[in-house]
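Content type PDB, C-alpha atoms, pLDDT in the B column, from the file query_38.pdb:
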```pdb
ATOM      1  CA  MET L1444      84.271  61.757  68.503  1.00 47.00           C
ATOM      2  CA  GLU L1445      86.655  63.654  66.233  1.00 53.00           C
ATOM      3  CA  SER L1446      84.676  62.640  63.176  1.00 55.00           C
ATOM      4  CA  ILE L1447      81.518  64.044  64.777  1.00 64.00           C
ATOM      5  CA  LEU L1448      83.135  67.426  65.485  1.00 62.00           C
ATOM      6  CA  TYR L1449      85.122  67.688  62.260  1.00 66.00           C
ATOM      7  CA  GLY L1450      84.073  70.767  60.352  1.00 67.00           C
ATOM      8  CA  THR L1451      81.842  72.037  63.132  1.00 84.00           C
ATOM      9  CA  PHE L1452      81.677  75.823  62.964  1.00 87.00           C
ATOM     10  CA  ILE L1453      82.392  76.399  66.669  1.00 88.00           C
ATOM     11  CA  ILE L1454      85.450  74.115  66.664  1.00 87.00           C
ATOM     12  CA  GLU L1455      86.834  75.869  63.582  1.00 88.00           C
ATOM     13  CA  GLU L1456      86.105  79.284  65.112  1.00 92.00           C
ATOM     14  CA  LEU L1457      87.763  78.422  68.446  1.00 92.00           C
ATOM     15  CA  THR L1458      90.789  77.009  66.622  1.00 92.00           C
ATOM     16  CA  ASP L1459      91.100  80.226  64.613  1.00 94.00           C
ATOM     17  CA  LEU L1460      90.855  82.344  67.781  1.00 96.00           C
ATOM     18  CA  VAL L1461      93.556  80.337  69.552  1.00 96.00           C
ATOM     19  CA  GLU L1462      95.797  80.486  66.474  1.00 97.00           C
ATOM     20  CA  GLU L1463      95.308  84.252  66.229  1.00 97.00           C
ATOM     21  CA  ALA L1464      96.159  84.752  69.937  1.00 95.00           C
ATOM     22  CA  VAL L1465      99.280  82.593  69.664  1.00 96.00           C
ATOM     23  CA  MET L1466     100.483  84.466  66.587  1.00 97.00           C
ATOM     24  CA  LYS L1467      99.897  87.784  68.358  1.00 96.00           C
ATOM     25  CA  GLU L1468     102.114  86.613  71.271  1.00 94.00           C
ATOM     26  CA  PHE L1469     104.782  85.362  68.851  1.00 95.00           C
ATOM     27  CA  ARG L1470     104.792  88.792  67.176  1.00 96.00           C
ATOM     28  CA  SER L1471     105.048  90.560  70.548  1.00 93.00           C
ATOM     29  CA  ILE L1472     108.019  88.404  71.538  1.00 94.00           C
ATOM     30  CA  SER L1473     109.651  88.861  68.138  1.00 94.00           C
ATOM     31  CA  GLU L1474     109.267  92.660  68.388  1.00 94.00           C
ATOM     32  CA  ARG L1475     111.210  92.532  71.662  1.00 94.00           C
ATOM     33  CA  GLY L1476     114.195  90.772  70.133  1.00 93.00           C
ATOM     34  CA  GLY L1477     113.049  87.181  70.423  1.00 92.00           C
ATOM     35  CA  VAL L1478     112.753  85.077  73.561  1.00 91.00           C
ATOM     36  CA  LEU L1479     116.006  86.312  75.126  1.00 91.00           C
ATOM     37  CA  GLY L1480     115.266  89.954  74.353  1.00 90.00           C
ATOM     38  CA  ALA L1481     111.773  89.598  75.806  1.00 90.00           C
ATOM     39  CA  MET L1482     113.224  87.937  78.913  1.00 90.00           C
ATOM     40  CA  GLU L1483     115.683  90.801  79.405  1.00 89.00           C
ATOM     41  CA  ARG L1484     112.767  93.229  79.221  1.00 90.00           C
ATOM     42  CA  MET L1485     110.791  90.947  81.570  1.00 91.00           C
ATOM     43  CA  TYR L1486     107.975  90.689  79.018  1.00 93.00           C
ATOM     44  CA  GLN L1487     106.973  87.117  79.837  1.00 91.00           C
ATOM     45  CA  ARG L1488     106.974  87.773  83.579  1.00 91.00           C
ATOM     46  CA  SER L1489     104.822  90.887  83.274  1.00 92.00           C
ATOM     47  CA  LYS L1490     102.456  89.077  80.903  1.00 92.00           C
ATOM     48  CA  VAL L1491     102.007  86.231  83.395  1.00 92.00           C
ATOM     49  CA  GLN L1492     101.410  88.756  86.185  1.00 93.00           C
ATOM     50  CA  GLU L1493      98.826  90.633  84.081  1.00 93.00           C
ATOM     51  CA  GLU L1494      96.952  87.447  83.241  1.00 93.00           C
ATOM     52  CA  SER L1495      97.081  86.294  86.840  1.00 93.00           C
ATOM     53  CA  MET L1496      95.686  89.623  88.062  1.00 94.00           C
ATOM     54  CA  TYR L1497      92.942  89.496  85.422  1.00 94.00           C
ATOM     55  CA  TYR L1498      91.997  85.957  86.499  1.00 91.00           C
ATOM     56  CA  GLU L1499      92.002  86.900  90.203  1.00 91.00           C
ATOM     57  CA  MET L1500      89.812  89.959  89.528  1.00 92.00           C
ATOM     58  CA  GLN L1501      87.317  87.795  87.642  1.00 93.00           C
ATOM     59  CA  LYS L1502      87.205  85.341  90.553  1.00 89.00           C
ATOM     60  CA  HIS L1503      86.790  88.212  93.016  1.00 86.00           C
ATOM     61  CA  ASP L1504      83.987  90.043  91.168  1.00 88.00           C
ATOM     62  CA  GLY L1505      82.201  86.788  90.260  1.00 85.00           C
ATOM     63  CA  SER L1506      82.449  87.174  86.487  1.00 92.00           C
ATOM     64  CA  LEU L1507      84.331  83.852  86.476  1.00 90.00           C
ATOM     65  CA  PRO L1508      82.176  81.539  88.592  1.00 88.00           C
ATOM     66  CA  LEU L1509      84.110  78.756  90.305  1.00 85.00           C
ATOM     67  CA  ILE L1510      82.195  76.217  92.361  1.00 84.00           C
ATOM     68  CA  GLY L1511      83.348  76.282  95.961  1.00 76.00           C
ATOM     69  CA  VAL L1512      85.460  79.401  95.421  1.00 78.00           C
ATOM     70  CA  ASN L1513      82.949  82.146  94.627  1.00 80.00           C
ATOM     71  CA  THR L1514      79.726  80.167  93.983  1.00 82.00           C
ATOM     72  CA  PHE L1515      77.936  77.331  95.788  1.00 79.00           C
ATOM     73  CA  LEU L1516      79.957  77.977  98.918  1.00 77.00           C
ATOM     74  CA  ASP L1517      79.679  75.754 101.978  1.00 76.00           C
ATOM     75  CA  PRO L1518      77.035  77.308 104.278  1.00 78.00           C
ATOM     76  CA  LYS L1519      79.257  76.452 107.275  1.00 78.00           C
ATOM     77  CA  GLY L1520      81.984  78.727 105.932  1.00 72.00           C
ATOM     78  CA  SER L1521      85.337  78.162 104.329  1.00 66.00           C
ATOM     79  CA  PRO L1522      87.578  75.440 105.745  1.00 64.00           C
ATOM     80  CA  THR L1523      90.548  77.650 104.895  1.00 64.00           C
ATOM     81  CA  VAL L1524      91.588  80.000 107.673  1.00 60.00           C
ATOM     82  CA  ILE L1525      93.183  83.183 106.419  1.00 63.00           C
ATOM     83  CA  PRO L1526      95.110  84.979 109.174  1.00 62.00           C
ATOM     84  CA  GLN L1527      94.587  88.686 109.583  1.00 68.00           C
ATOM     85  CA  GLU L1528      98.337  89.239 109.659  1.00 73.00           C
ATOM     86  CA  VAL L1529     101.511  87.364 108.893  1.00 71.00           C
ATOM     87  CA  ILE L1530     102.266  84.846 111.616  1.00 78.00           C
ATOM     88  CA  ARG L1531     105.846  85.153 112.803  1.00 83.00           C
ATOM     89  CA  SER L1532     107.769  82.602 114.796  1.00 88.00           C
ATOM     90  CA  THR L1533     108.836  83.405 118.329  1.00 92.00           C
ATOM     91  CA  LYS L1534     112.490  83.802 119.325  1.00 95.00           C
ATOM     92  CA  GLU L1535     112.340  80.388 121.013  1.00 96.00           C
ATOM     93  CA  GLU L1536     111.042  78.774 117.810  1.00 95.00           C
ATOM     94  CA  LYS L1537     113.785  80.433 115.756  1.00 96.00           C
ATOM     95  CA  ASP L1538     116.469  79.374 118.232  1.00 96.00           C
ATOM     96  CA  PHE L1539     115.147  75.795 118.253  1.00 97.00           C
ATOM     97  CA  ALA L1540     115.183  75.640 114.437  1.00 96.00           C
ATOM     98  CA  ILE L1541     118.753  76.971 114.287  1.00 96.00           C
ATOM     99  CA  SER L1542     120.005  74.595 116.974  1.00 97.00           C
ATOM    100  CA  SER L1543     118.278  71.659 115.255  1.00 97.00           C
ATOM    101  CA  LEU L1544     119.962  72.589 111.970  1.00 97.00           C
ATOM    102  CA  ASN L1545     123.369  72.887 113.640  1.00 97.00           C
ATOM    103  CA  ALA L1546     122.884  69.497 115.336  1.00 97.00           C
ATOM    104  CA  PHE L1547     121.867  67.964 111.964  1.00 97.00           C
ATOM    105  CA  HIS L1548     125.017  69.407 110.344  1.00 97.00           C
ATOM    106  CA  LYS L1549     127.249  68.101 113.130  1.00 97.00           C
ATOM    107  CA  ARG L1550     125.612  64.656 113.224  1.00 97.00           C
ATOM    108  CA  ASN L1551     126.028  64.173 109.448  1.00 97.00           C
ATOM    109  CA  GLU L1552     129.300  66.017 108.891  1.00 96.00           C
ATOM    110  CA  SER L1553     131.340  63.174 107.357  1.00 96.00           C
ATOM    111  CA  ALA L1554     128.466  61.709 105.317  1.00 97.00           C
ATOM    112  CA  ALA L1555     127.507  65.177 104.068  1.00 97.00           C
ATOM    113  CA  LYS L1556     130.984  65.800 102.627  1.00 97.00           C
ATOM    114  CA  ILE L1557     130.757  62.600 100.578  1.00 97.00           C
ATOM    115  CA  ALA L1558     127.180  63.289  99.433  1.00 97.00           C
ATOM    116  CA  LEU L1559     127.975  66.884  98.430  1.00 97.00           C
ATOM    117  CA  ALA L1560     131.102  65.813  96.514  1.00 97.00           C
ATOM    118  CA  ASN L1561     129.020  63.236  94.641  1.00 97.00           C
ATOM    119  CA  LEU L1562     126.334  65.859  93.929  1.00 96.00           C
ATOM    120  CA  GLN L1563     128.940  68.210  92.481  1.00 96.00           C
ATOM    121  CA  LYS L1564     130.501  65.397  90.410  1.00 97.00           C
ATOM    122  CA  VAL L1565     127.125  64.502  88.875  1.00 96.00           C
ATOM    123  CA  ALA L1566     126.357  68.187  88.176  1.00 94.00           C
ATOM    124  CA  ILE L1567     129.706  68.726  86.427  1.00 95.00           C
ATOM    125  CA  ALA L1568     129.147  65.591  84.324  1.00 95.00           C
ATOM    126  CA  ASN L1569     125.693  66.886  83.279  1.00 92.00           C
ATOM    127  CA  GLY L1570     124.172  63.802  84.852  1.00 92.00           C
ATOM    128  CA  ASN L1571     120.708  63.318  86.283  1.00 91.00           C
ATOM    129  CA  LEU L1572     120.812  65.164  89.612  1.00 94.00           C
ATOM    130  CA  PHE L1573     117.610  63.696  91.030  1.00 95.00           C
ATOM    131  CA  GLU L1574     119.126  60.566  92.590  1.00 94.00           C
ATOM    132  CA  SER L1575     122.127  62.492  93.946  1.00 95.00           C
ATOM    133  CA  LEU L1576     119.854  65.148  95.424  1.00 96.00           C
ATOM    134  CA  MET L1577     117.660  62.521  97.078  1.00 96.00           C
ATOM    135  CA  GLU L1578     120.696  60.840  98.654  1.00 96.00           C
ATOM    136  CA  ALA L1579     122.241  64.147  99.719  1.00 97.00           C
ATOM    137  CA  ALA L1580     118.948  65.263 101.285  1.00 97.00           C
ATOM    138  CA  LYS L1581     119.267  62.413 103.789  1.00 97.00           C
ATOM    139  CA  VAL L1582     122.400  63.969 105.331  1.00 97.00           C
ATOM    140  CA  CYS L1583     122.522  67.568 104.039  1.00 97.00           C
ATOM    141  CA  SER L1584     120.403  70.664 104.463  1.00 97.00           C
ATOM    142  CA  LEU L1585     118.923  72.528 101.511  1.00 96.00           C
ATOM    143  CA  GLY L1586     121.439  75.312 102.098  1.00 95.00           C
ATOM    144  CA  GLN L1587     124.376  72.899 101.902  1.00 97.00           C
ATOM    145  CA  MET L1588     123.100  71.351  98.673  1.00 97.00           C
ATOM    146  CA  SER L1589     122.397  74.756  97.102  1.00 95.00           C
ATOM    147  CA  GLU L1590     125.843  76.048  98.059  1.00 95.00           C
ATOM    148  CA  ALA L1591     127.529  72.936  96.603  1.00 96.00           C
ATOM    149  CA  LEU L1592     125.678  73.394  93.312  1.00 95.00           C
ATOM    150  CA  TYR L1593     126.447  77.136  93.223  1.00 94.00           C
ATOM    151  CA  GLU L1594     130.154  76.305  93.573  1.00 94.00           C
ATOM    152  CA  VAL L1595     130.185  74.187  90.421  1.00 93.00           C
ATOM    153  CA  GLY L1596     127.461  75.838  88.337  1.00 87.00           C
ATOM    154  CA  GLY L1597     127.324  79.453  89.409  1.00 82.00           C
ATOM    155  CA  GLN L1598     124.280  81.326  90.622  1.00 76.00           C
ATOM    156  CA  TYR L1599     121.600  82.933  88.461  1.00 71.00           C
ATOM    157  CA  ARG L1600     121.448  86.709  88.724  1.00 69.00           C
ATOM    158  CA  ARG L1601     118.561  88.531  87.077  1.00 64.00           C
ATOM    159  CA  ASN L1602     119.518  91.416  84.771  1.00 62.00           C
ATOM    160  CA  MET L1603     118.199  94.699  86.049  1.00 52.00           C
TER
END
```
When written as C-alpha coordinates, how does the structure in this file appear?
Amino acid sequence: MESILYGTFIIEELTDLVEEAVMKEFRSISERGGVLGAMERMYQRSKVQEESMYYEMQKHDGSLPLIGVNTFLDPKGSPTVIPQEVIRSTKEEKDFAISSLNAFHKRNESAAKIALANLQKVAIANGNLFESLMEAAKVCSLGQMSEALYEVGGQYRRNM
(Lines of atoms letter the chains of each structure in order from A and count residues from 1; the text may use other names and numbers.)
(Lines give C-alpha, C1' and ligand atoms only; values in the text may rest on other atoms or scores of the structure.)
Protein backbone atom coordinates (compact mmCIF):
# COMPACT_ATOMS: atom_id res chain seq x y z
CA MET A 1 0.00 0.00 0.00
CA GLU A 2 2.85 2.39 0.77
CA SER A 3 4.18 2.07 -2.76
CA ILE A 4 0.75 3.03 -4.12
CA LEU A 5 0.56 6.19 -1.98
CA TYR A 6 4.21 7.20 -2.31
CA GLY A 7 4.46 10.62 -3.89
CA THR A 8 0.72 11.19 -3.82
CA PHE A 9 0.04 14.92 -3.57
CA ILE A 10 -2.48 14.65 -0.71
CA ILE A 11 -0.18 12.47 1.41
CA GLU A 12 2.71 14.89 0.88
CA GLU A 13 0.45 17.86 1.66
CA LEU A 14 -0.94 16.29 4.86
CA THR A 15 2.58 15.37 5.98
CA ASP A 16 3.71 18.96 5.43
CA LEU A 17 0.73 20.31 7.40
CA VAL A 18 1.40 17.99 10.34
CA GLU A 19 5.11 18.86 10.29
CA GLU A 20 4.29 22.58 10.24
CA ALA A 21 1.87 22.24 13.20
CA VAL A 22 4.40 20.24 15.22
CA MET A 23 7.15 22.78 14.57
CA LYS A 24 4.81 25.60 15.59
CA GLU A 25 4.14 23.83 18.94
CA PHE A 26 7.87 23.20 19.44
CA ARG A 27 8.52 26.92 18.88
CA SER A 28 5.76 27.88 21.33
CA ILE A 29 7.22 25.60 24.00
CA SER A 30 10.74 26.83 23.31
CA GLU A 31 9.61 30.47 23.64
CA ARG A 32 8.30 29.63 27.12
CA GLY A 33 11.63 28.31 28.34
CA GLY A 34 11.38 24.73 27.15
CA VAL A 35 9.18 21.97 28.53
CA LEU A 36 9.74 22.86 32.19
CA GLY A 37 9.20 26.57 31.61
CA ALA A 38 6.01 25.85 29.67
CA MET A 39 4.82 23.55 32.47
CA GLU A 40 5.42 26.26 35.07
CA ARG A 41 3.32 28.63 32.97
CA MET A 42 0.73 25.84 32.52
CA TYR A 43 1.02 26.13 28.73
CA GLN A 44 0.44 22.45 27.98
CA ARG A 45 -2.56 22.25 30.30
CA SER A 46 -4.22 25.32 28.81
CA LYS A 47 -3.51 24.06 25.29
CA VAL A 48 -5.17 20.72 26.07
CA GLN A 49 -8.15 22.54 27.59
CA GLU A 50 -8.46 24.80 24.52
CA GLU A 51 -8.37 21.87 22.13
CA SER A 52 -10.84 19.93 24.24
CA MET A 53 -13.26 22.88 24.30
CA TYR A 54 -12.88 23.31 20.53
CA TYR A 55 -13.63 19.61 19.98
CA GLU A 56 -16.65 19.69 22.32
CA MET A 57 -18.04 22.79 20.57
CA GLN A 58 -17.71 21.08 17.19
CA LYS A 59 -19.56 18.03 18.53
CA HIS A 60 -22.24 20.26 20.05
CA ASP A 61 -22.88 22.42 16.96
CA GLY A 62 -22.67 19.43 14.59
CA SER A 63 -19.69 20.66 12.57
CA LEU A 64 -17.91 17.46 13.63
CA PRO A 65 -20.42 14.70 12.90
CA LEU A 66 -20.03 11.62 15.10
CA ILE A 67 -22.31 8.66 14.49
CA GLY A 68 -24.38 7.93 17.57
CA VAL A 69 -23.26 11.12 19.31
CA ASN A 70 -24.70 13.93 17.20
CA THR A 71 -25.80 12.11 14.01
CA PHE A 72 -27.76 8.91 13.32
CA LEU A 73 -29.05 8.86 16.87
CA ASP A 74 -31.15 6.00 18.20
CA PRO A 75 -34.83 6.96 17.68
CA LYS A 76 -35.61 5.48 21.13
CA GLY A 77 -33.33 8.03 22.77
CA SER A 78 -29.94 7.89 24.39
CA PRO A 79 -29.15 4.95 26.66
CA THR A 80 -27.09 7.34 28.78
CA VAL A 81 -29.03 9.01 31.57
CA ILE A 82 -27.69 12.42 32.49
CA PRO A 83 -28.96 13.57 35.89
CA GLN A 84 -30.29 17.08 36.19
CA GLU A 85 -28.16 17.66 39.27
CA VAL A 86 -25.27 16.05 41.09
CA ILE A 87 -26.43 12.99 42.99
CA ARG A 88 -25.21 13.07 46.57
CA SER A 89 -25.09 10.16 48.96
CA THR A 90 -27.30 10.16 52.02
CA LYS A 91 -25.90 10.37 55.56
CA GLU A 92 -26.65 6.66 56.01
CA GLU A 93 -24.68 5.80 52.86
CA LYS A 94 -21.74 7.92 54.01
CA ASP A 95 -21.80 6.36 57.48
CA PHE A 96 -21.95 2.85 55.99
CA ALA A 97 -18.97 3.56 53.72
CA ILE A 98 -16.92 4.94 56.62
CA SER A 99 -17.77 2.04 58.92
CA SER A 100 -16.96 -0.45 56.15
CA LEU A 101 -13.58 1.22 55.63
CA ASN A 102 -12.83 1.18 59.36
CA ALA A 103 -13.80 -2.51 59.56
CA PHE A 104 -11.54 -3.26 56.54
CA HIS A 105 -8.64 -1.44 58.25
CA LYS A 106 -9.17 -3.32 61.51
CA ARG A 107 -9.60 -6.71 59.83
CA ASN A 108 -6.35 -6.33 57.84
CA GLU A 109 -4.27 -4.36 60.33
CA SER A 110 -1.31 -6.75 60.66
CA ALA A 111 -1.23 -7.76 56.98
CA ALA A 112 -1.50 -4.11 55.92
CA LYS A 113 1.62 -3.13 57.88
CA ILE A 114 3.65 -5.79 56.07
CA ALA A 115 2.21 -4.91 52.64
CA LEU A 116 2.80 -1.17 53.13
CA ALA A 117 6.38 -1.73 54.32
CA ASN A 118 7.03 -3.85 51.22
CA LEU A 119 5.44 -1.17 49.01
CA GLN A 120 7.71 1.48 50.50
CA LYS A 121 10.78 -0.77 50.13
CA VAL A 122 10.06 -1.34 46.43
CA ALA A 123 9.44 2.40 45.88
CA ILE A 124 12.73 3.36 47.55
CA ALA A 125 14.59 0.78 45.44
CA ASN A 126 13.04 2.23 42.25
CA GLY A 127 11.48 -1.15 41.60
CA ASN A 128 8.35 -1.99 39.66
CA LEU A 129 5.51 -0.95 41.97
CA PHE A 130 2.73 -2.74 40.10
CA GLU A 131 3.05 -6.12 41.83
CA SER A 132 3.48 -4.51 45.26
CA LEU A 133 0.46 -2.29 44.69
CA MET A 134 -1.66 -5.25 43.61
CA GLU A 135 -0.70 -7.21 46.74
CA ALA A 136 -1.19 -4.20 49.02
CA ALA A 137 -4.62 -3.52 47.49
CA LYS A 138 -5.81 -6.85 48.88
CA VAL A 139 -5.37 -5.64 52.48
CA CYS A 140 -4.98 -1.84 52.26
CA SER A 141 -7.18 1.05 51.24
CA LEU A 142 -6.17 3.51 48.54
CA GLY A 143 -5.60 6.12 51.24
CA GLN A 144 -3.20 3.86 53.13
CA MET A 145 -1.21 3.06 49.99
CA SER A 146 -1.07 6.72 48.93
CA GLU A 147 0.06 7.81 52.39
CA ALA A 148 2.80 5.14 52.46
CA LEU A 149 4.10 6.30 49.08
CA TYR A 150 3.94 9.98 50.11
CA GLU A 151 6.10 9.14 53.15
CA VAL A 152 8.94 7.79 51.01
CA GLY A 153 8.56 9.83 47.82
CA GLY A 154 6.98 13.11 48.82
CA GLN A 155 3.83 14.61 47.38
CA TYR A 156 3.55 16.63 44.17
CA ARG A 157 2.55 20.25 44.69
CA ARG A 158 1.71 22.35 41.65
CA ASN A 159 3.52 25.70 41.40
CA MET A 160 1.12 28.59 41.54
* **Answer key for the PyMOL selection byres ((chain L and resi 1577-1586) around 12), residues as a VMD selection string** => chain L and resid 1541 1543 to 1563 1565 1571 to 1576 1587 to 1593
* To do: Calculate how many Å separate atom CA of L:Asn1569 from atom CA of L:Gly1596, rounding to one decimal.
  => 10.4 Å
* Asked: Rounded to one decimal in Å, what is the spacing between atom CA of L:Ile1530 and atom CA of L:Ser1542?
  ->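 Interatomic distance, atom CA of L:Ile1530 to atom CA of L:Ser1542: 21.2 Å.
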* Interatomic distance between atom CA of L:Gly1505 and atom CA of L:Leu1457? -> 24.0 Å
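Counting all atoms listed in the file and comparing L:Glu1483, L:Glu1594, L:Asp1459, L:Glu1536, the residue that lies closest to L:Lys1564 is L:Glu1594.
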